[in-house]
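Read the structure below first, then the notes.
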Protein chains: 2
Amino acid sequence: MGSGMARATIYDVAAAAGASIKSVSRVLNGEANVTPGLRDRVMAAVESLGYRRSLSARSLAGASSSIIAALVDAELTIEHWRSGRGNDYLSRLEMGALMEVRRTDHHLMIELVDYASESLGRDLSALLTSIRPQGVILTPPNSDHPVVLDVLDEAGVAYARIGPERDLQRGVCIAMDERQAAYDMTAHLIALGHRRIGFVTGPVAYVASRRRLDGFLSAMADNGLSVADGAVAYGDFTFQSGVSAINAFLGAGLGLTAIFASNDDTALGVLQGAAARGVRAPEDISVAGFDDTPAAMFGTTALTTIRQPVSEMAAIAARHLMPVISGVQDETLKQSLEGCLIVPYELIVRRSTGAV
Amino acid sequence: MGSGMARATIYDVAAAAGASIKSVSRVLNGEANVTPGLRDRVMAAVESLGYRRSLSARSLAGASSSIIAALVDAELTIEHWRSGRGNDYLSRLEMGALMEVRRTDHHLMIELVDYASESLGRDLSALLTSIRPQGVILTPPNSDHPVVLDVLDEAGVAYARIGPERDLQRGVCIAMDERQAAYDMTAHLIALGHRRIGFVTGPVAYVASRRRLDGFLSAMADNGLSVADGAVAYGDFTFQSGVSAINAFLGAGLGLTAIFASNDDTALGVLQGAAARGVRAPEDISVAGFDDTPAAMFGTTALTTIRQPVSEMAAIAARHLMPVISGVQDETLKQSLEGCLIVPYELIVRRSTGAV
DNA sequence: TTGAAAGCGCTAACAT
DNA sequence: ATGTTAGCGCTTTCAA
């Protein structure tokens with residue numbers, strides 16, 4: 001391995017600028033009380049030496065570590081890893097955080113957390129003392145984990161919660177309006193002339209699932225439409241549950257003209273199950289999903305769906321964990337709901353839904 | 001923010017164990033010359049205090065930082081970010097690295113690198129002096145970037161290159177055999193009885209593209225099959241280039257019974273373009289892809305494709321950048337080719353290919 | 001407005 | 001086999 005010259009330290013910069021290390025530090029931290037001349041000399045020295053402060057030294061000495069840690073569910077990740085596929089949600093989340101983090105010269109660390117471990121509290125605490133992140137991004141479904149929140153609070157580490165469901169006053173909460181999105185999608189179907197609409201839920205344990213169902217039911221009710229017995233199938237976000245649902249719907253002879261599935265995988269299952277029985281979309285039946293996963297776009301029948309602003313949520317999360325950079329916090333796109341920052345979703349109409 | 005008690009330091013552990021900090025350090029680092037009694041006392045103290053060494057302090061003091069940094073193409077990421085979708089490749093890569101990294105209590109940092117920047121060298125150098133990673137994972141297409149390799153060498157930072165194309169003796173190289181994979185896929189089609197097979201390339205700038213084409217041509221030649229004029233279309237890995245290719249093929253009246261596209265997106269384009277012209281897969285035409293992206297699985301016509309062992313490659317990369325844990329390096333699955341660690345791919349047969 | 005000195009929590013030489 | 005003493009490169013008091 002080559003060595004080049006030893007890397008420049010703050011002492012080198014100070015020497016080159018004819019100043020003390022404290023002055024260099026002051027300049028670099030943008031502290032007050034520095035004469036322009038000193039500042040210029042320091043900056044010139046920094047520039048010419050290609051100097052960068054050591055992250056370790058800074059964080060050891062007490063400054064912020066400039067590390068934002070994203071806590072990711074280990075079990076979920078292992079599942080994905082086993083199946084050999086990536087995780088679109090995580091990927092988008094990460095991109096958003098990355099884009100934001102680099103603006104302020106921070107760094108993103110991805111940490112696998114075994115939320116099922118009985119030593120979760122200790123593990124997490126250990127993690128925090130080890131890397132001392134400046135802030136932590138919590139992802140669903142663990143944005144609500146009470147042990148995690150407690151440990152974070154106790155450690156005094158700032159955190160942002162993506163898609164939280166409870167205790168919205170704890171930490172910075174960022175979410176989208178699941179209920180309204182489902183409401184809008186349902187309204188979209190109704191606007192297309194559909195009257196008999198079926199719904200496939202996600203796991204009832206998720207509040208998001210319940211909110212989507214709620215949005216669906218409300219939109220139906222608000223439009224004076226009734227939901228037939230058996231027109232709500234209980235799924236679990238899997239492709240297979242979509243297949244089962246459509247088979248049940250078709251078998252029950254409910255005469256449904258549209259199916260709204262709680263996520264894309266399920267909707268894709270509905271689509272395939274329908275096709276297998278000779279029912280075409282959108283000619284015979286309209287199908288809508290939720291999430292806008294990659295598969296939604298590329299399927300032979302591109303899926304009408306709700307795009308979650310995952311990247312944006314993560315970017316906002318990161319932004320709220322880092323020092324305000326230019327003094328201007330942009331709260332433009334967001335409104336607050338019960339203390340949550342609400343980020344707008346997008347209803348994407350593709351081929352799978354059409355007029356009756 | 002709560003505070004709890006101040007976090008335990010090595011001094012606290014030493015005091016609790018009735019030993020010196022050096023002994024604690026020794027135990028924790030698994031150094032020799034420690035009596036079992038001492039070790040036990042130290043471990044007990046560590047355990048009861050929930051002590052974890054500070055990453056900053058360790059790395060400052062000279063130990064390895066235990067940080068593995070994955071360098072990711074900023075431009076590519078921004079593109080993905082703009083389009084609102086995740087990056088399956090990156091996601092899988094990251095999972096592999098994560099799984100491996102956590103086994104040895106290391107950490108994964110994702111760093112966006114602007115490879116197009118004219119100050120790339122300085123930027124990268126600055127990044128390295130700032131975070132001082134123990135090792136760096138390079139992803140394609142930048143595994144070959146000469147400036148990056150030079151800076152890394154000069155900084156004395158170990159690196160692993162995923163899917164490198166040149167200078168395979170530099171760093172740790174991990175790849176799959178693109179040519180052989182394409183060869184196998186072609187052989188698969190031939191085995192199904194196909195004789196007139198079309199091929200859609202990726203961007204010729206990528207060596208991987210050229211290798212895939214090479215594999216295709218070799219397999220055809222080895223089986224005594226000729227490739228008709230116009231049966232090779234030049235694409236660019238996009239969906240649209242698949243659509244264009246199939247239109248060209250169909251328009252030319254080559255009588256092709258199978259199309260092998262250089263990646264899944266392109267294959268999906270082929271599939272859709274064919275469907276648009278009433279040509280069904282696999283009844284009328286077989287279509288094969290490459291990469292096994294999520295969309296390949298969920299499309300109405302699931303795609304026969306090559307699964308790249310992205311996660312495995314990343315895991316191996318990470319493994320080679322970290323200290324050998326139990327002394328046993330498992331080289332079981334890998335063979336070396338020109339100094340590259342070769343990881344096996346998988347040919348996944350789905351619905352889109354069938355017998356003539 | 002600037003600087004000197006004292007740590008931050010570790011590891012690394014160097015004793016013992 | 002164990003302990004002492006310096007740093008690592010910064011930020012922070014506290015002086016000047």
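Every chain in the structure tokens has a letter given in the order shown (A, B, ...), and although residue numbers restart at 1 in each chain, ligands are simply numbered from 1 in the order shown.
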From a DSSP calculation on the backbone, collect every residue of segment 120-316 of chain B in alpha helix (DSSP H) and output the set as JSON, numbers by chain. {"B": [120, 121, 122, 123, 124, 125, 126, 127, 128, 129, 130, 131, 146, 147, 148, 149, 150, 151, 152, 153, 154, 155, 178, 179, 180, 181, 182, 183, 184, 185, 186, 187, 188, 189, 190, 191, 207, 208, 209, 210, 211, 212, 213, 214, 215, 216, 217, 218, 219, 220, 221, 222, 239, 240, 241, 242, 243, 244, 245, 246, 247, 248, 249, 250, 251, 252, 264, 265, 266, 267, 268, 269, 270, 271, 272, 273, 274, 275, 276, 294, 295, 296, 297, 298, 310, 311, 312, 313, 314, 315, 316]}
Hey, list the chain D side of the contact with chain B: 9 Å cut-off, only C-alpha atoms (C1' of nucleotides), answer as JSON, numbers by chain. {"D": [1, 2, 3, 7, 8, 9]}
Write out as a PyMOL selection string all residues of segment 182-296 of chain A that backbone DSSP assigns to strand (DSSP E or B). chain A and resi 197-200+232-233+258-261+286-288+291
Find the residues of chain C in contact range of chain B, meaning any atom within 6 Å when counting only C-alpha atoms (C1' of nucleotides), and list them as an mmCIF file with N, CA and C atoms (P, O5', C5', C4', C3', O3' and C1' of nucleotides), in the first residue's frame.
data_model
loop_
_atom_site.group_PDB
_atom_site.id
_atom_site.type_symbol
_atom_site.label_atom_id
_atom_site.label_comp_id
_atom_site.auth_asym_id
_atom_site.auth_seq_id
_atom_site.Cartn_x
_atom_site.Cartn_y
_atom_site.Cartn_z
ATOM 1 P P DG C 9 -15.337 9.893 27.813
ATOM 2 O "O5'" DG C 9 -14.657 8.645 27.082
ATOM 3 C "C5'" DG C 9 -15.138 8.281 25.801
ATOM 4 C "C4'" DG C 9 -14.160 7.308 25.191
ATOM 5 C "C3'" DG C 9 -13.825 6.116 26.081
ATOM 6 O "O3'" DG C 9 -13.944 4.957 25.292
ATOM 7 C "C1'" DG C 9 -11.850 7.119 25.305
ATOM 8 P P DC C 10 -13.810 3.499 25.805
ATOM 9 O "O5'" DC C 10 -13.095 2.899 24.538
ATOM 10 C "C5'" DC C 10 -11.811 2.344 24.615
ATOM 11 C "C4'" DC C 10 -10.970 2.889 23.487
ATOM 12 C "C3'" DC C 10 -9.712 2.077 23.318
ATOM 13 O "O3'" DC C 10 -9.947 1.117 22.297
ATOM 14 C "C1'" DC C 10 -9.243 4.439 23.406
ATOM 15 P P DT C 11 -9.119 -0.228 22.337
ATOM 16 O "O5'" DT C 11 -7.721 0.223 21.705
ATOM 17 C "C5'" DT C 11 -7.687 0.749 20.398
ATOM 18 C "C4'" DT C 11 -6.263 1.137 20.054
ATOM 19 C "C3'" DT C 11 -5.251 -0.001 20.112
ATOM 20 O "O3'" DT C 11 -4.329 0.236 19.058
ATOM 21 C "C1'" DT C 11 -4.599 1.707 21.602
#
Restrict the calculation to only C-alpha atoms, then for each residue of chain B with any atom at most 7 Å from an atom of chain A give the closest atom pair and their distance in Å to one decimal, rows by chain and rising residue number, as a Markdown table.
| residue | atom | partner | partner_atom | distance |
| --- | --- | --- | --- | --- |
| B:Met1 | CA | A:Gly156 | CA | 4.9 |
| B:Gly2 | CA | A:Glu154 | CA | 4.7 |
| B:Ser3 | CA | A:Glu154 | CA | 5.4 |
| B:Gly4 | CA | A:Glu154 | CA | 5.8 |
| B:Gly50 | CA | A:Ala126 | CA | 6.7 |
| B:Tyr51 | CA | A:Ala126 | CA | 6.9 |
| B:Arg52 | CA | A:Ala126 | CA | 5.7 |
| B:Arg53 | CA | A:Ser130 | CA | 5.8 |
| B:Ser54 | CA | A:Ser130 | CA | 4.5 |
| B:Leu55 | CA | A:Ser130 | CA | 5.3 |
| B:Ser56 | CA | A:Ser56 | CA | 4.2 |
| B:Ala57 | CA | A:Leu60 | CA | 6.0 |
| B:Ser59 | CA | A:Ser56 | CA | 6.5 |
| B:Leu60 | CA | A:Ser56 | CA | 5.7 |
| B:Thr77 | CA | A:Met95 | CA | 6.9 |
| B:Trp81 | CA | A:Met95 | CA | 6.3 |
| B:Arg85 | CA | A:Arg92 | CA | 6.1 |
| B:Gly86 | CA | A:Arg92 | CA | 4.5 |
| B:Asn87 | CA | A:Ser91 | CA | 6.0 |
| B:Asp88 | CA | A:Gly86 | CA | 5.0 |
| B:Tyr89 | CA | A:Gly86 | CA | 7.0 |
| B:Ser91 | CA | A:Gly86 | CA | 4.9 |
| B:Arg92 | CA | A:Gly86 | CA | 4.5 |
| B:Met95 | CA | A:Trp81 | CA | 6.3 |
| B:Leu108 | CA | A:Met109 | CA | 5.7 |
| B:Met109 | CA | A:Met109 | CA | 4.4 |
| B:Ile110 | CA | A:Leu108 | CA | 5.8 |
| B:Arg122 | CA | A:Gly50 | CA | 7.0 |
| B:Ala126 | CA | A:Arg52 | CA | 5.7 |
| B:Thr129 | CA | A:Ser54 | CA | 6.4 |
| B:Ser130 | CA | A:Ser54 | CA | 4.5 |
| B:Ile131 | CA | A:Leu55 | CA | 5.5 |
| B:Asp153 | CA | A:Met1 | CA | 5.8 |
| B:Glu154 | CA | A:Gly2 | CA | 4.7 |
| B:Ala155 | CA | A:Ser3 | CA | 5.9 |
| B:Gly156 | CA | A:Met1 | CA | 4.8 |
| B:Gln272 | CA | A:Thr300 | CA | 6.5 |
| B:Pro294 | CA | A:Ala295 | CA | 6.1 |
| B:Ala295 | CA | A:Ala295 | CA | 4.2 |
| B:Phe298 | CA | A:Ala295 | CA | 6.0 |
| B:Gly299 | CA | A:Gly299 | CA | 4.1 |
| B:Thr300 | CA | A:Thr300 | CA | 5.5 |
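The environment of Pro141 of chain B within 10 Å, counting only C-alpha atoms (C1' of nucleotides) and disregarding residues fewer than 4 places along the same chain, consists of Val72, Asp73, His145, Arg161, Ile162, Gly163, Pro164, Glu165, Tyr206, Val207 and Ala208 of chain B.
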Using only N, CA and C atoms, please write the residues we just selected to a file, as a PDB file, in the first residue's frame.
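Everything below was put into out.pdb:
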ATOM      1  N   VAL B  72     -21.091   4.637  -3.689  1.00  0.00           N
ATOM      2  CA  VAL B  72     -22.202   4.514  -4.616  1.00  0.00           C
ATOM      3  C   VAL B  72     -22.231   5.704  -5.571  1.00  0.00           C
ATOM      4  N   ASP B  73     -22.545   5.430  -6.791  1.00  0.00           N
ATOM      5  CA  ASP B  73     -22.577   6.474  -7.811  1.00  0.00           C
ATOM      6  C   ASP B  73     -23.688   7.487  -7.539  1.00  0.00           C
ATOM      7  N   HIS B 145     -12.839   2.568 -11.966  1.00  0.00           N
ATOM      8  CA  HIS B 145     -12.404   3.951 -12.099  1.00  0.00           C
ATOM      9  C   HIS B 145     -10.955   4.131 -11.662  1.00  0.00           C
ATOM     10  N   ARG B 161     -13.660  -4.834  -5.191  1.00  0.00           N
ATOM     11  CA  ARG B 161     -14.329  -4.364  -6.405  1.00  0.00           C
ATOM     12  C   ARG B 161     -15.358  -5.381  -6.880  1.00  0.00           C
ATOM     13  N   ILE B 162     -16.586  -4.938  -6.987  1.00  0.00           N
ATOM     14  CA  ILE B 162     -17.645  -5.801  -7.488  1.00  0.00           C
ATOM     15  C   ILE B 162     -17.713  -5.641  -9.001  1.00  0.00           C
ATOM     16  N   GLY B 163     -17.670  -6.737  -9.687  1.00  0.00           N
ATOM     17  CA  GLY B 163     -17.807  -6.714 -11.137  1.00  0.00           C
ATOM     18  C   GLY B 163     -16.810  -5.844 -11.873  1.00  0.00           C
ATOM     19  N   PRO B 164     -15.535  -5.987 -11.564  1.00  0.00           N
ATOM     20  CA  PRO B 164     -14.517  -5.177 -12.230  1.00  0.00           C
ATOM     21  C   PRO B 164     -14.297  -5.704 -13.637  1.00  0.00           C
ATOM     22  N   GLU B 165     -13.687  -4.885 -14.437  1.00  0.00           N
ATOM     23  CA  GLU B 165     -13.476  -5.302 -15.821  1.00  0.00           C
ATOM     24  C   GLU B 165     -12.004  -5.274 -16.217  1.00  0.00           C
ATOM     25  N   TYR B 206     -20.154  -1.020 -21.738  1.00  0.00           N
ATOM     26  CA  TYR B 206     -19.970  -1.917 -20.602  1.00  0.00           C
ATOM     27  C   TYR B 206     -19.344  -3.225 -21.056  1.00  0.00           C
ATOM     28  N   VAL B 207     -18.301  -3.604 -20.389  1.00  0.00           N
ATOM     29  CA  VAL B 207     -17.692  -4.881 -20.722  1.00  0.00           C
ATOM     30  C   VAL B 207     -18.702  -6.003 -20.489  1.00  0.00           C
ATOM     31  N   ALA B 208     -19.504  -5.845 -19.431  1.00  0.00           N
ATOM     32  CA  ALA B 208     -20.499  -6.878 -19.149  1.00  0.00           C
ATOM     33  C   ALA B 208     -21.396  -7.092 -20.363  1.00  0.00           C
TER      34      ALA B 208
END
What separation in Å, quoted to one decimal, exists between atom CA of Tyr183 of chain A and atom CA of Arg211 of chain A?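 Calculated distance between atom CA of Tyr183 of chain A and atom CA of Arg211 of chain A is 9.5 Å.
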I'd like the contact shell of Ser218 of chain B - 10 Å cut-off, only C-alpha atoms (C1' of nucleotides), skipping same-chain residues fewer than 5 positions apart - returned as a ChimeraX atom specification. /B:179-180,182-183,186-187,212-213,223-225
Kindly export the residues of the current selection with N, CA and C atoms, as an mmCIF file, in the first residue's frame.
data_model
loop_
_atom_site.group_PDB
_atom_site.id
_atom_site.type_symbol
_atom_site.label_atom_id
_atom_site.label_comp_id
_atom_site.auth_asym_id
_atom_site.auth_seq_id
_atom_site.Cartn_x
_atom_site.Cartn_y
_atom_site.Cartn_z
ATOM 1 N N ARG B 179 -20.084 -14.015 -19.328
ATOM 2 C CA ARG B 179 -20.060 -14.709 -20.599
ATOM 3 C C ARG B 179 -20.680 -16.098 -20.479
ATOM 4 N N GLN B 180 -20.263 -16.810 -19.460
ATOM 5 C CA GLN B 180 -20.774 -18.161 -19.270
ATOM 6 C C GLN B 180 -22.275 -18.153 -18.983
ATOM 7 N N ALA B 182 -24.460 -15.994 -20.070
ATOM 8 C CA ALA B 182 -25.159 -15.759 -21.344
ATOM 9 C C ALA B 182 -25.085 -17.015 -22.206
ATOM 10 N N TYR B 183 -23.964 -17.672 -22.122
ATOM 11 C CA TYR B 183 -23.773 -18.925 -22.867
ATOM 12 C C TYR B 183 -24.820 -19.951 -22.411
ATOM 13 N N THR B 186 -28.335 -19.112 -23.514
ATOM 14 C CA THR B 186 -28.493 -19.422 -24.928
ATOM 15 C C THR B 186 -28.658 -20.930 -25.119
ATOM 16 N N ALA B 187 -27.848 -21.658 -24.398
ATOM 17 C CA ALA B 187 -27.931 -23.119 -24.480
ATOM 18 C C ALA B 187 -29.309 -23.598 -24.020
ATOM 19 N N ARG B 212 -21.762 -10.611 -22.448
ATOM 20 C CA ARG B 212 -23.031 -11.322 -22.633
ATOM 21 C C ARG B 212 -23.251 -11.624 -24.107
ATOM 22 N N LEU B 213 -22.942 -10.664 -24.915
ATOM 23 C CA LEU B 213 -23.070 -10.873 -26.359
ATOM 24 C C LEU B 213 -22.145 -12.004 -26.789
ATOM 25 N N ASN B 223 -23.098 -24.579 -31.205
ATOM 26 C CA ASN B 223 -24.191 -25.482 -31.547
ATOM 27 C C ASN B 223 -24.486 -25.499 -33.048
ATOM 28 N N GLY B 224 -23.551 -24.923 -33.763
ATOM 29 C CA GLY B 224 -23.703 -24.950 -35.213
ATOM 30 C C GLY B 224 -24.846 -24.110 -35.735
ATOM 31 N N LEU B 225 -25.245 -23.114 -34.937
ATOM 32 C CA LEU B 225 -26.338 -22.246 -35.377
ATOM 33 C C LEU B 225 -25.794 -20.921 -35.868
#
Compile the contact shell of DA13 of chain C as a list in words: residues with an atom at most 10 Å away, counting only C-alpha atoms (C1' of nucleotides), same-chain residues fewer than 2 positions apart removed.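 So the residues in contact are DT11 and DA15 of chain C; DT5 and DA6 of chain D.
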Dump as a CSV table (one decimal), in the first residue's frame, selection limited to C-alpha atoms (C1' of nucleotides):
chain,number,residue,atom,x,y,z
C,11,DT,C1',-4.6,1.7,21.6
C,15,DA,C1',8.1,-0.7,31.4
D,5,DT,C1',2.4,6.6,30.0
D,6,DA,C1',1.8,8.8,25.8
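Atom CA of Leu303 of chain A lies 8.0 Å from atom CA of Ala267 of chain A.
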